[in-house]
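Asks: The file below is structure.cif, mmCIF, C-alpha atoms (C1' of nucleotides):
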```
data_model
loop_
_atom_site.label_atom_id
_atom_site.label_comp_id
_atom_site.auth_asym_id
_atom_site.auth_seq_id
_atom_site.Cartn_x
_atom_site.Cartn_y
_atom_site.Cartn_z
CA MET D 24 0.74 -26.09 2.19
CA VAL D 25 -0.22 -24.25 5.28
CA ARG D 26 -3.79 -23.36 6.00
CA HIS D 27 -3.89 -20.13 7.91
CA SER D 28 -7.52 -19.36 7.50
CA ARG D 29 -9.35 -21.69 9.83
CA ALA D 30 -6.76 -23.21 12.04
CA ARG D 31 -7.58 -23.16 15.68
CA ARG D 32 -5.93 -20.12 17.12
CA SER D 33 -6.99 -20.07 20.68
CA ASP D 34 -7.94 -22.29 23.57
CA CYS D 35 -10.47 -19.76 24.64
CA PRO D 36 -14.11 -20.61 23.97
CA ILE D 37 -14.54 -17.20 22.38
CA GLY D 38 -11.69 -17.97 20.05
CA PHE D 39 -13.36 -21.26 19.20
CA THR D 40 -16.62 -19.48 18.52
CA LEU D 41 -14.91 -16.92 16.32
CA ASP D 42 -13.16 -19.67 14.40
CA ILE D 43 -16.59 -20.84 13.30
CA PHE D 44 -18.34 -17.60 12.47
CA GLY D 45 -15.85 -14.86 13.13
CA ASP D 46 -16.19 -13.43 9.65
CA ARG D 47 -18.52 -10.97 8.09
CA TRP D 48 -21.01 -13.37 6.53
CA SER D 49 -21.43 -16.51 8.59
CA LEU D 50 -23.31 -14.83 11.38
CA LEU D 51 -25.53 -12.93 8.97
CA ILE D 52 -26.50 -16.23 7.36
CA LEU D 53 -27.24 -17.67 10.77
CA ARG D 54 -29.28 -14.59 11.61
CA ASP D 55 -31.35 -15.17 8.49
CA VAL D 56 -31.89 -18.81 9.35
CA LEU D 57 -32.62 -18.14 12.99
CA THR D 58 -34.71 -15.01 12.90
CA ARG D 59 -36.01 -14.57 9.38
CA ALA D 60 -37.12 -18.06 8.46
CA LYS D 61 -34.83 -18.13 5.44
CA SER D 62 -33.80 -21.51 4.16
CA ARG D 63 -32.79 -21.30 0.51
CA PHE D 64 -29.70 -20.21 -1.33
CA ARG D 65 -31.47 -17.50 -3.26
CA GLU D 66 -33.04 -16.12 -0.09
CA PHE D 67 -29.64 -15.72 1.54
CA ALA D 68 -28.20 -14.25 -1.63
CA ALA D 69 -31.03 -11.75 -1.97
CA GLU D 70 -31.01 -9.43 0.98
CA GLU D 71 -27.37 -8.79 1.74
CA ARG D 72 -24.75 -8.19 -0.86
CA ILE D 73 -22.96 -11.46 -0.40
CA ALA D 74 -21.30 -12.85 -3.48
CA THR D 75 -22.69 -16.22 -4.50
CA ASN D 76 -19.31 -17.92 -4.43
CA VAL D 77 -18.75 -16.75 -0.88
CA LEU D 78 -22.26 -17.77 0.09
CA ALA D 79 -21.74 -21.25 -1.32
CA GLU D 80 -18.55 -21.65 0.62
CA ARG D 81 -20.10 -20.39 3.87
CA LEU D 82 -23.09 -22.68 3.63
CA GLU D 83 -20.77 -25.60 3.05
CA ARG D 84 -18.64 -24.65 6.01
CA LEU D 85 -21.55 -24.05 8.33
CA GLU D 86 -22.90 -27.44 7.35
CA GLY D 87 -19.49 -28.94 8.01
CA ALA D 88 -19.35 -27.24 11.38
CA GLY D 89 -22.67 -28.82 12.32
CA LEU D 90 -24.66 -25.61 12.36
CA LEU D 91 -26.80 -26.15 9.28
CA THR D 92 -28.37 -29.13 7.60
CA ARG D 93 -28.92 -29.31 3.86
CA ALA D 94 -31.85 -31.29 2.52
CA ASN D 95 -33.52 -31.71 -0.84
CA ASP D 96 -36.65 -29.71 -1.35
CA PRO D 97 -39.36 -32.28 -2.13
CA SER D 98 -41.37 -29.72 -4.09
CA ASP D 99 -38.51 -28.54 -6.33
CA ALA D 100 -35.56 -30.72 -7.20
CA ARG D 101 -33.40 -27.69 -7.99
CA GLN D 102 -33.59 -26.32 -4.51
CA PHE D 103 -32.22 -27.27 -1.14
CA VAL D 104 -33.50 -26.42 2.28
CA TYR D 105 -31.03 -25.21 4.87
CA ARG D 106 -32.10 -25.51 8.46
CA PRO D 107 -30.39 -24.69 11.74
CA THR D 108 -29.20 -27.51 13.95
CA ARG D 109 -29.53 -27.53 17.71
CA ALA D 110 -26.09 -25.98 17.97
CA ALA D 111 -27.19 -23.13 15.74
CA ILE D 112 -30.36 -22.61 17.73
CA ASP D 113 -28.18 -22.37 20.81
CA LEU D 114 -26.66 -19.31 19.19
CA LEU D 115 -29.89 -17.37 19.60
CA PRO D 116 -28.68 -15.63 22.78
CA VAL D 117 -25.59 -14.41 20.94
CA VAL D 118 -27.67 -13.13 18.04
CA VAL D 119 -30.16 -11.48 20.35
CA GLU D 120 -27.47 -9.76 22.40
CA MET D 121 -25.77 -8.48 19.28
CA ALA D 122 -29.06 -7.18 17.96
CA TYR D 123 -29.82 -5.46 21.24
CA TRP D 124 -26.40 -3.88 21.41
CA GLY D 125 -26.77 -2.65 17.84
CA ALA D 126 -30.20 -1.31 18.60
CA MET D 127 -28.85 0.61 21.57
CA HIS D 128 -25.74 2.01 19.92
CA ASP D 129 -26.65 2.47 16.27
CA PRO D 130 -27.85 6.04 15.83
CA GLU D 131 -29.83 5.09 12.78
CA THR D 132 -30.78 1.58 13.67
CA GLY D 133 -33.46 -0.25 11.80
CA ALA D 134 -34.20 -2.38 14.80
CA PRO D 135 -37.91 -2.85 15.36
CA ARG D 136 -39.11 -1.18 18.51
CA GLU D 137 -41.06 -4.29 19.43
CA PHE D 138 -37.84 -6.27 19.63
CA VAL D 139 -36.27 -3.82 22.06
CA GLU D 140 -39.42 -3.72 24.15
CA ALA D 141 -39.71 -7.48 24.25
CA TYR D 142 -36.06 -7.79 25.23
CA GLU D 143 -36.32 -5.29 28.04
CA ALA D 144 -39.59 -6.64 29.30
CA ASP D 145 -38.57 -10.31 29.45
CA ARG D 146 -35.43 -11.52 27.79
CA GLN D 147 -36.03 -15.16 28.70
CA ALA D 148 -39.52 -15.11 27.24
CA LEU D 149 -38.24 -13.51 24.05
CA LEU D 150 -35.63 -16.22 23.67
CA ALA D 151 -38.09 -18.96 24.49
CA GLY D 152 -40.50 -17.66 21.88
CA MET D 153 -37.82 -17.48 19.19
CA ARG D 154 -36.62 -20.94 20.08
CA ALA D 155 -40.12 -22.33 19.95
CA ALA D 156 -40.66 -20.87 16.51
CA LEU D 157 -37.58 -22.72 15.27
CA THR D 158 -38.38 -25.99 16.95
CA ALA D 159 -42.03 -25.97 15.89
CA GLY D 160 -41.73 -28.04 12.74
CA SER D 161 -39.53 -30.82 14.03
CA MET N 123 -11.82 5.46 -4.51
CA VAL N 124 -14.42 3.13 -3.15
CA ARG N 125 -14.14 1.74 0.33
CA HIS N 126 -15.68 -1.70 0.41
CA SER N 127 -14.34 -2.77 3.70
CA ARG N 128 -16.32 -0.88 6.26
CA ALA N 129 -19.22 0.61 4.44
CA ARG N 130 -22.53 0.09 6.08
CA ARG N 131 -24.10 -2.89 4.45
CA SER N 132 -27.27 -3.43 6.33
CA ASP N 133 -30.00 -1.62 8.18
CA CYS N 134 -30.19 -4.50 10.62
CA PRO N 135 -28.69 -3.86 14.06
CA ILE N 136 -26.79 -7.12 13.72
CA GLY N 137 -25.31 -5.86 10.49
CA PHE N 138 -24.33 -2.66 12.26
CA THR N 139 -22.73 -4.63 15.05
CA LEU N 140 -20.82 -6.79 12.59
CA ASP N 141 -19.64 -3.70 10.73
CA ILE N 142 -17.81 -2.72 13.89
CA PHE N 143 -16.30 -5.98 15.04
CA GLY N 144 -17.32 -8.60 12.52
CA ASP N 145 -13.76 -9.64 11.87
CA ARG N 146 -11.46 -12.07 13.48
CA TRP N 147 -9.56 -9.76 15.77
CA SER N 148 -11.70 -6.89 17.01
CA LEU N 149 -13.77 -9.01 19.30
CA LEU N 150 -10.72 -10.81 20.67
CA ILE N 151 -9.23 -7.45 21.56
CA LEU N 152 -12.45 -6.46 23.25
CA ARG N 153 -12.48 -9.77 25.09
CA ASP N 154 -9.00 -9.02 26.40
CA VAL N 155 -10.01 -5.56 27.51
CA LEU N 156 -13.28 -6.68 29.01
CA THR N 157 -12.42 -9.95 30.68
CA ARG N 158 -8.66 -10.11 31.03
CA ALA N 159 -7.80 -6.63 32.25
CA LYS N 160 -5.46 -6.06 29.34
CA SER N 161 -4.78 -2.48 28.39
CA ARG N 162 -1.48 -2.19 26.54
CA PHE N 163 -0.37 -2.83 23.00
CA ARG N 164 2.14 -5.46 23.95
CA GLU N 165 -0.41 -7.30 26.07
CA PHE N 166 -2.78 -7.61 23.15
CA ALA N 167 0.03 -8.59 20.84
CA ALA N 168 1.28 -11.24 23.23
CA GLU N 169 -1.34 -13.89 23.67
CA GLU N 170 -2.93 -14.27 20.28
CA ARG N 171 -1.07 -14.38 17.05
CA ILE N 172 -2.21 -11.05 15.77
CA ALA N 173 0.23 -9.18 13.58
CA THR N 174 1.28 -5.86 15.05
CA ASN N 175 0.23 -3.91 11.99
CA VAL N 176 -3.25 -5.39 12.16
CA LEU N 177 -3.40 -4.80 15.90
CA ALA N 178 -2.44 -1.16 15.43
CA GLU N 179 -5.16 -0.70 12.84
CA ARG N 180 -7.78 -2.43 14.99
CA LEU N 181 -7.00 -0.38 18.06
CA GLU N 182 -7.28 2.76 15.99
CA ARG N 183 -10.58 1.67 14.54
CA LEU N 184 -12.03 0.60 17.86
CA GLU N 185 -11.05 3.95 19.27
CA GLY N 186 -12.67 5.65 16.31
CA ALA N 187 -15.81 3.61 16.80
CA GLY N 188 -16.00 4.79 20.37
CA LEU N 189 -15.28 1.44 21.98
CA LEU N 190 -11.82 2.13 23.37
CA THR N 191 -10.06 5.14 24.79
CA ARG N 192 -6.34 5.68 24.45
CA ALA N 193 -4.47 7.54 27.16
CA ASN N 194 -0.87 8.18 28.04
CA ASP N 195 0.56 5.98 30.71
CA PRO N 196 1.77 8.38 33.44
CA SER N 197 4.36 5.89 34.63
CA ASP N 198 5.92 5.21 31.23
CA ALA N 199 5.84 7.70 28.38
CA ARG N 200 6.35 4.98 25.80
CA GLN N 201 3.14 3.23 26.66
CA PHE N 202 -0.53 3.93 26.21
CA VAL N 203 -3.43 2.61 28.20
CA TYR N 204 -6.43 1.34 26.29
CA ARG N 205 -9.68 1.16 28.22
CA PRO N 206 -13.19 0.14 27.27
CA THR N 207 -15.84 2.79 26.95
CA ARG N 208 -19.39 2.37 28.19
CA ALA N 209 -20.39 1.10 24.74
CA ALA N 210 -17.72 -1.59 24.97
CA ILE N 211 -18.79 -2.57 28.45
CA ASP N 212 -22.28 -2.95 27.07
CA LEU N 213 -20.85 -5.70 24.88
CA LEU N 214 -20.27 -7.92 27.88
CA PRO N 215 -23.49 -9.88 27.30
CA VAL N 216 -22.39 -10.64 23.75
CA VAL N 217 -18.97 -11.77 24.92
CA VAL N 218 -20.44 -13.86 27.71
CA GLU N 219 -22.95 -15.56 25.42
CA MET N 220 -20.26 -16.35 22.89
CA ALA N 221 -18.07 -17.77 25.61
CA TYR N 222 -20.89 -19.90 26.95
CA TRP N 223 -21.77 -21.19 23.50
CA GLY N 224 -18.16 -22.06 22.87
CA ALA N 225 -17.90 -23.75 26.24
CA MET N 226 -20.95 -25.87 25.45
CA HIS N 227 -20.02 -26.83 21.89
CA ASP N 228 -16.25 -26.96 21.84
CA PRO N 229 -15.21 -30.55 22.53
CA GLU N 230 -11.83 -29.43 23.80
CA THR N 231 -12.74 -26.13 25.31
CA GLY N 232 -10.42 -24.37 27.66
CA ALA N 233 -13.33 -22.61 29.31
CA PRO N 234 -12.98 -22.51 33.07
CA ARG N 235 -15.58 -24.61 34.81
CA GLU N 236 -16.26 -21.80 37.22
CA PHE N 237 -17.41 -19.58 34.38
CA VAL N 238 -19.94 -22.15 33.20
CA GLU N 239 -21.16 -22.73 36.72
CA ALA N 240 -21.50 -19.04 37.43
CA TYR N 241 -23.37 -18.53 34.18
CA GLU N 242 -25.81 -21.33 34.82
CA ALA N 243 -26.33 -20.39 38.43
CA ASP N 244 -27.04 -16.70 37.86
CA ARG N 245 -26.32 -15.06 34.57
CA GLN N 246 -27.35 -11.63 35.74
CA ALA N 247 -25.07 -11.79 38.76
CA LEU N 248 -22.18 -12.92 36.60
CA LEU N 249 -22.68 -9.98 34.27
CA ALA N 250 -23.09 -7.56 37.15
CA GLY N 251 -19.86 -8.77 38.68
CA MET N 252 -17.92 -8.44 35.45
CA ARG N 253 -19.38 -5.00 34.87
CA ALA N 254 -18.50 -3.90 38.38
CA ALA N 255 -14.91 -5.02 37.90
CA LEU N 256 -14.63 -2.80 34.84
CA THR N 257 -16.32 0.19 36.38
CA ALA N 258 -14.37 -0.01 39.63
CA GLY N 259 -11.61 2.39 38.77
CA SER N 260 -13.68 5.16 37.27
"C1'" DG I 249 25.95 9.65 30.04
"C1'" DT I 250 26.53 5.79 27.23
"C1'" DA I 251 24.91 1.23 25.84
"C1'" DC I 252 21.24 -1.58 25.47
"C1'" DA I 253 16.46 -3.13 26.11
"C1'" DT I 254 11.62 -2.17 25.44
"C1'" DC I 255 7.82 0.40 23.92
"C1'" DA I 256 4.27 1.29 20.24
"C1'" DC I 257 4.05 1.21 16.21
"C1'" DT I 258 5.64 1.20 10.33
"C1'" DT I 259 7.04 -0.62 6.18
"C1'" DG I 260 7.48 -3.91 2.35
"C1'" DC I 261 6.09 -7.71 0.51
"C1'" DA I 262 3.87 -12.49 -0.02
"C1'" DT I 263 -0.38 -14.86 0.58
"C1'" DA I 264 -5.19 -15.44 1.45
"C1'" DA I 265 -9.92 -13.81 1.36
"C1'" DT I 266 -13.45 -11.25 -0.86
"C1'" DG I 267 -16.06 -8.90 -4.60
"C1'" DC I 268 -17.75 -8.92 -9.23
"C1'" DA I 269 -19.48 -10.52 -13.54
"C1'" DA I 270 -20.28 -14.00 -16.39
"C1'" DG I 271 -21.00 -18.63 -16.99
"C1'" DT I 272 -23.03 -23.78 -16.35
"C1'" DG I 273 -25.86 -27.76 -15.95
"C1'" DA I 274 -30.11 -29.38 -13.95
"C1'" DT I 275 -34.86 -28.59 -13.39
"C1'" DG I 276 -39.51 -26.18 -13.64
"C1'" DC I 277 -43.03 -24.22 -16.43
"C1'" DG I 278 -46.04 -22.56 -20.21
"C1'" DC K 136 -39.86 -27.22 -27.17
"C1'" DG K 137 -38.19 -22.73 -25.40
"C1'" DC K 138 -37.22 -19.97 -21.76
"C1'" DA K 139 -36.85 -18.83 -16.83
"C1'" DT K 140 -34.95 -20.15 -12.41
"C1'" DC K 141 -32.34 -22.82 -9.38
"C1'" DA K 142 -27.83 -23.62 -6.93
"C1'" DC K 143 -23.89 -23.10 -7.65
"C1'" DT K 144 -18.59 -22.32 -10.56
"C1'" DT K 145 -15.07 -19.93 -12.73
"C1'" DG K 146 -11.74 -16.23 -13.71
"C1'" DC K 147 -9.96 -12.33 -12.36
"C1'" DA K 148 -9.37 -7.74 -9.89
"C1'" DT K 149 -9.25 -5.77 -5.40
"C1'" DT K 150 -8.76 -5.86 -0.47
"C1'" DA K 151 -7.33 -7.74 3.83
"C1'" DT K 152 -4.12 -10.40 6.44
"C1'" DG K 153 0.31 -12.50 7.83
"C1'" DC K 154 5.20 -12.15 8.38
"C1'" DA K 155 9.67 -10.25 9.22
"C1'" DA K 156 12.35 -6.59 9.72
"C1'" DG K 157 12.72 -1.96 10.75
"C1'" DT K 158 12.20 2.90 13.42
"C1'" DG K 159 12.23 6.53 16.68
"C1'" DA K 160 11.19 7.59 21.41
"C1'" DT K 161 11.85 6.30 26.03
"C1'" DG K 162 13.33 3.47 30.11
"C1'" DT K 163 17.24 1.32 32.61
"C1'" DA K 164 21.60 -0.58 34.19
"C1'" DC K 165 26.22 0.66 34.69
#
```
Before anything else, please render the file you have as structure tokens.
Replies:
Amino acid sequence: MVRHSRARRSDCPIGFTLDIFGDRWSLLILRDVLTRAKSRFREFAAEERIATNVLAERLERLEGAGLLTRANDPSDARQFVYRPTRAAIDLLPVVVEMAYWGAMHDPETGAPREFVEAYEADRQALLAGMRAALTAGS
Amino acid sequence: MVRHSRARRSDCPIGFTLDIFGDRWSLLILRDVLTRAKSRFREFAAEERIATNVLAERLERLEGAGLLTRANDPSDARQFVYRPTRAAIDLLPVVVEMAYWGAMHDPETGAPREFVEAYEADRQALLAGMRAALTAGS
DNA sequence: GTACATCACTTGCATAATGCAAGTGATGCG
DNA sequence: CGCATCACTTGCATTATGCAAGTGATGTAC
């Protein structure tokens, strides 16, 4: 049986990157974890229209790829807490650049003005602030 | 008939961005156009293992999305020349950040050392240089 | 100008990924 | 105890992708 889906297809670092989250949903999940403080299955399932079976598979794969950790929620044994790893936090620049590009080129963007202003004023500070928010509780 | 594939699914600028090239191939095509000076169908088809039918559809969609232009090749009537638009050139930061992330986290990356060094030494200068190379002939 | 190669695609079909709706078992809660 | 909620599964229809083999227009060598 041949696995086409996730075989390595390129020696290029961009190809490598796309092998990990070059699909519709993985990066949206990472966006939620990185910029919206989401950490639970139901939170990911809520906002976007991702099917739960696909979500389950993506979370498992992102965990396997070393981008998310999955821990028991001490306050509710039914739930799990997904958190970004260092590698995922390193993706912040990618997420920020994609958001900025979308904000610039989407005629009806929902991008908050404050994000655009913060980016244009001081990109490094914006990134540092976002990174700090993610590293705070560790 | 309902089109699921490319309907807008999010008001987030990242969602918008992923609607345009949130698939395996679109961004690789853009990478080729933006960083490898590729401009013809056969050049795109050559390096990666993209099926020609998928490539044809992607080129058409990227043109429709305003990221590529398609022009006749004056020296060969069989060929067309695909070039990035301003919007595509604006994607350089995204491409560069993805490449850098891949270079940092891919254990067997094929990323050229010079790229990593240039990025770490002066990201802005790297981007300016890449942008200048693309704008040169216009 | 005839034969052949090359170009950008198409076409037909098999396989894989995704979407959708309805479960399922474990746990929380009144 | 009864019901709601949690993180998933399962079955199946639909869509996207991969693969191999065309196709017509054009270039090129003889």
Asks: For the structure shown, which residues end up in the PyMOL selection byres ((chain I) within 8 of (chain N))? Put them as a list in words, please?
Replies: DC255, DA256, DC257 and DT258 of chain I
Asks: Determine, for each residue of chain D having at least one atom at most 9 Å from an atom of chain N, the closest pair of atoms and their separation in Å to one decimal, counting only C-alpha atoms; order by chain and ascending number, as CSV.
Replies:
```
residue,atom,partner,partner_atom,distance
D:Arg32,CA,N:Glu170,CA,7.3
D:Ser33,CA,N:Glu170,CA,7.1
D:Asp34,CA,N:Gly232,CA,5.2
D:Cys35,CA,N:Gly232,CA,5.5
D:Pro36,CA,N:Gly224,CA,4.4
D:Ile37,CA,N:Ala221,CA,4.8
D:Gly38,CA,N:Leu150,CA,7.3
D:Phe39,CA,N:Gly224,CA,6.1
D:Thr40,CA,N:Gly224,CA,5.3
D:Leu41,CA,N:Arg146,CA,6.6
D:Asp42,CA,N:Arg146,CA,7.8
D:Phe44,CA,N:Arg146,CA,8.9
D:Gly45,CA,N:Arg146,CA,5.2
D:Asp46,CA,N:Asp145,CA,5.0
D:Arg47,CA,N:Gly144,CA,5.2
D:Trp48,CA,N:Gly144,CA,8.5
D:Leu50,CA,N:Leu140,CA,8.5
D:Leu51,CA,N:Gly137,CA,7.2
D:Arg54,CA,N:Ile136,CA,8.2
D:Glu70,CA,N:Ser132,CA,8.9
D:Glu71,CA,N:Ser132,CA,7.1
D:Arg72,CA,N:Arg131,CA,7.5
D:Ala110,CA,N:His227,CA,7.3
D:Asp113,CA,N:Trp223,CA,7.1
D:Leu114,CA,N:Trp223,CA,6.8
D:Pro116,CA,N:Glu219,CA,6.3
D:Val117,CA,N:Glu219,CA,5.3
D:Val118,CA,N:Ile136,CA,7.5
D:Val119,CA,N:Val216,CA,8.5
D:Glu120,CA,N:Val216,CA,5.3
D:Met121,CA,N:Ile136,CA,5.8
D:Ala122,CA,N:Ile136,CA,4.8
D:Tyr123,CA,N:Pro135,CA,7.4
D:Trp124,CA,N:Leu213,CA,6.8
D:Gly125,CA,N:Pro135,CA,4.4
D:Ala126,CA,N:Pro135,CA,5.4
D:Met127,CA,N:Pro135,CA,8.7
D:His128,CA,N:Ala209,CA,7.3
D:Asp129,CA,N:Phe138,CA,6.9
D:Glu131,CA,N:Asp133,CA,8.1
D:Thr132,CA,N:Pro135,CA,5.8
D:Gly133,CA,N:Asp133,CA,5.2
D:Ala134,CA,N:Pro135,CA,5.8
```
Asks: So that I have them on file, write out the residues from the current selection with C-alpha atoms, as a short mmCIF file (atom, residue, chain, number, x, y, z; two decimals), in the coordinates of the input.
Replies:
```cif
data_model
loop_
_atom_site.label_atom_id
_atom_site.label_comp_id
_atom_site.auth_asym_id
_atom_site.auth_seq_id
_atom_site.Cartn_x
_atom_site.Cartn_y
_atom_site.Cartn_z
CA ARG D 32 -5.93 -20.12 17.12
CA SER D 33 -6.99 -20.07 20.68
CA ASP D 34 -7.94 -22.29 23.57
CA CYS D 35 -10.47 -19.76 24.64
CA PRO D 36 -14.11 -20.61 23.97
CA ILE D 37 -14.54 -17.20 22.38
CA GLY D 38 -11.69 -17.97 20.05
CA PHE D 39 -13.36 -21.26 19.20
CA THR D 40 -16.62 -19.48 18.52
CA LEU D 41 -14.91 -16.92 16.32
CA ASP D 42 -13.16 -19.67 14.40
CA PHE D 44 -18.34 -17.60 12.47
CA GLY D 45 -15.85 -14.86 13.13
CA ASP D 46 -16.19 -13.43 9.65
CA ARG D 47 -18.52 -10.97 8.09
CA TRP D 48 -21.01 -13.37 6.53
CA LEU D 50 -23.31 -14.83 11.38
CA LEU D 51 -25.53 -12.93 8.97
CA ARG D 54 -29.28 -14.59 11.61
CA GLU D 70 -31.01 -9.43 0.98
CA GLU D 71 -27.37 -8.79 1.74
CA ARG D 72 -24.75 -8.19 -0.86
CA ALA D 110 -26.09 -25.98 17.97
CA ASP D 113 -28.18 -22.37 20.81
CA LEU D 114 -26.66 -19.31 19.19
CA PRO D 116 -28.68 -15.63 22.78
CA VAL D 117 -25.59 -14.41 20.94
CA VAL D 118 -27.67 -13.13 18.04
CA VAL D 119 -30.16 -11.48 20.35
CA GLU D 120 -27.47 -9.76 22.40
CA MET D 121 -25.77 -8.48 19.28
CA ALA D 122 -29.06 -7.18 17.96
CA TYR D 123 -29.82 -5.46 21.24
CA TRP D 124 -26.40 -3.88 21.41
CA GLY D 125 -26.77 -2.65 17.84
CA ALA D 126 -30.20 -1.31 18.60
CA MET D 127 -28.85 0.61 21.57
CA HIS D 128 -25.74 2.01 19.92
CA ASP D 129 -26.65 2.47 16.27
CA GLU D 131 -29.83 5.09 12.78
CA THR D 132 -30.78 1.58 13.67
CA GLY D 133 -33.46 -0.25 11.80
CA ALA D 134 -34.20 -2.38 14.80
#
```
Asks: Between D:Ala156, D:Leu53, D:Phe67, D:Thr58, which has the minimum distance to chain K (counting all atoms listed in the file)?
Replies: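 With all atoms listed in the file as the atom set, the closest residue is D:Phe67.
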Asks: Atom C1' of I:DA264 to atom C1' of K:DC154: how many Å, to one decimal?
Replies: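 Distance reported for this atom pair: 12.9 Å.
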Asks: Atom CA of N:Ile211 and atom CA of N:Ala254, how far apart in Å?
Replies: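 Here the two named atoms are 10.0 Å from each other.
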Asks: Interatomic distance between atom CA of D:Ala144 and atom CA of N:Leu249?
Replies: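 Value for the atom CA of D:Ala144-atom CA of N:Leu249 distance: 17.9 Å.
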Asks: Could you give me, as a short mmCIF file (atom, residue, chain, number, x, y, z; two decimals) with C-alpha atoms, in the frame of the given file, the residues within 8 Å of N:Tyr204, counting all atoms listed in the file and dropping anything in the same chain fewer than 6 positions from it?
Replies:
```cif
data_model
loop_
_atom_site.label_atom_id
_atom_site.label_comp_id
_atom_site.auth_asym_id
_atom_site.auth_seq_id
_atom_site.Cartn_x
_atom_site.Cartn_y
_atom_site.Cartn_z
CA VAL N 155 -10.01 -5.56 27.51
CA SER N 161 -4.78 -2.48 28.39
CA ARG N 162 -1.48 -2.19 26.54
CA LEU N 190 -11.82 2.13 23.37
CA THR N 191 -10.06 5.14 24.79
CA ARG N 192 -6.34 5.68 24.45
CA ALA N 193 -4.47 7.54 27.16
#
```
Asks: What are the residues of chain K that have an atom within 12 Å of an atom of chain D, counting all atoms listed in the file, as a list in words?
Replies: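 Every residue of chain K that passes the 12 Å test is in DT140, DC141, DA142, DC143, DT144, DT145, DT152 and DG153 of chain K.
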Asks: To verify the selection step, state as a list of chain:residue names which residues the PyMOL selection byres ((chain I and resi 252) around 9) yields on this input.
Replies: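 Residues picked by the PyMOL selection byres ((chain I and resi 252) around 9): I:DA251, I:DA253, K:DT163, K:DA164.
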Asks: Run the PyMOL selection byres ((chain I and resi 260) around 12) mentally over the shown coordinates, then write out the matched residues as a PyMOL selection string, using the chain letters and numbers from the document.
Replies: (chain I and resi 258-259+261-262) or (chain K and resi 154-157)
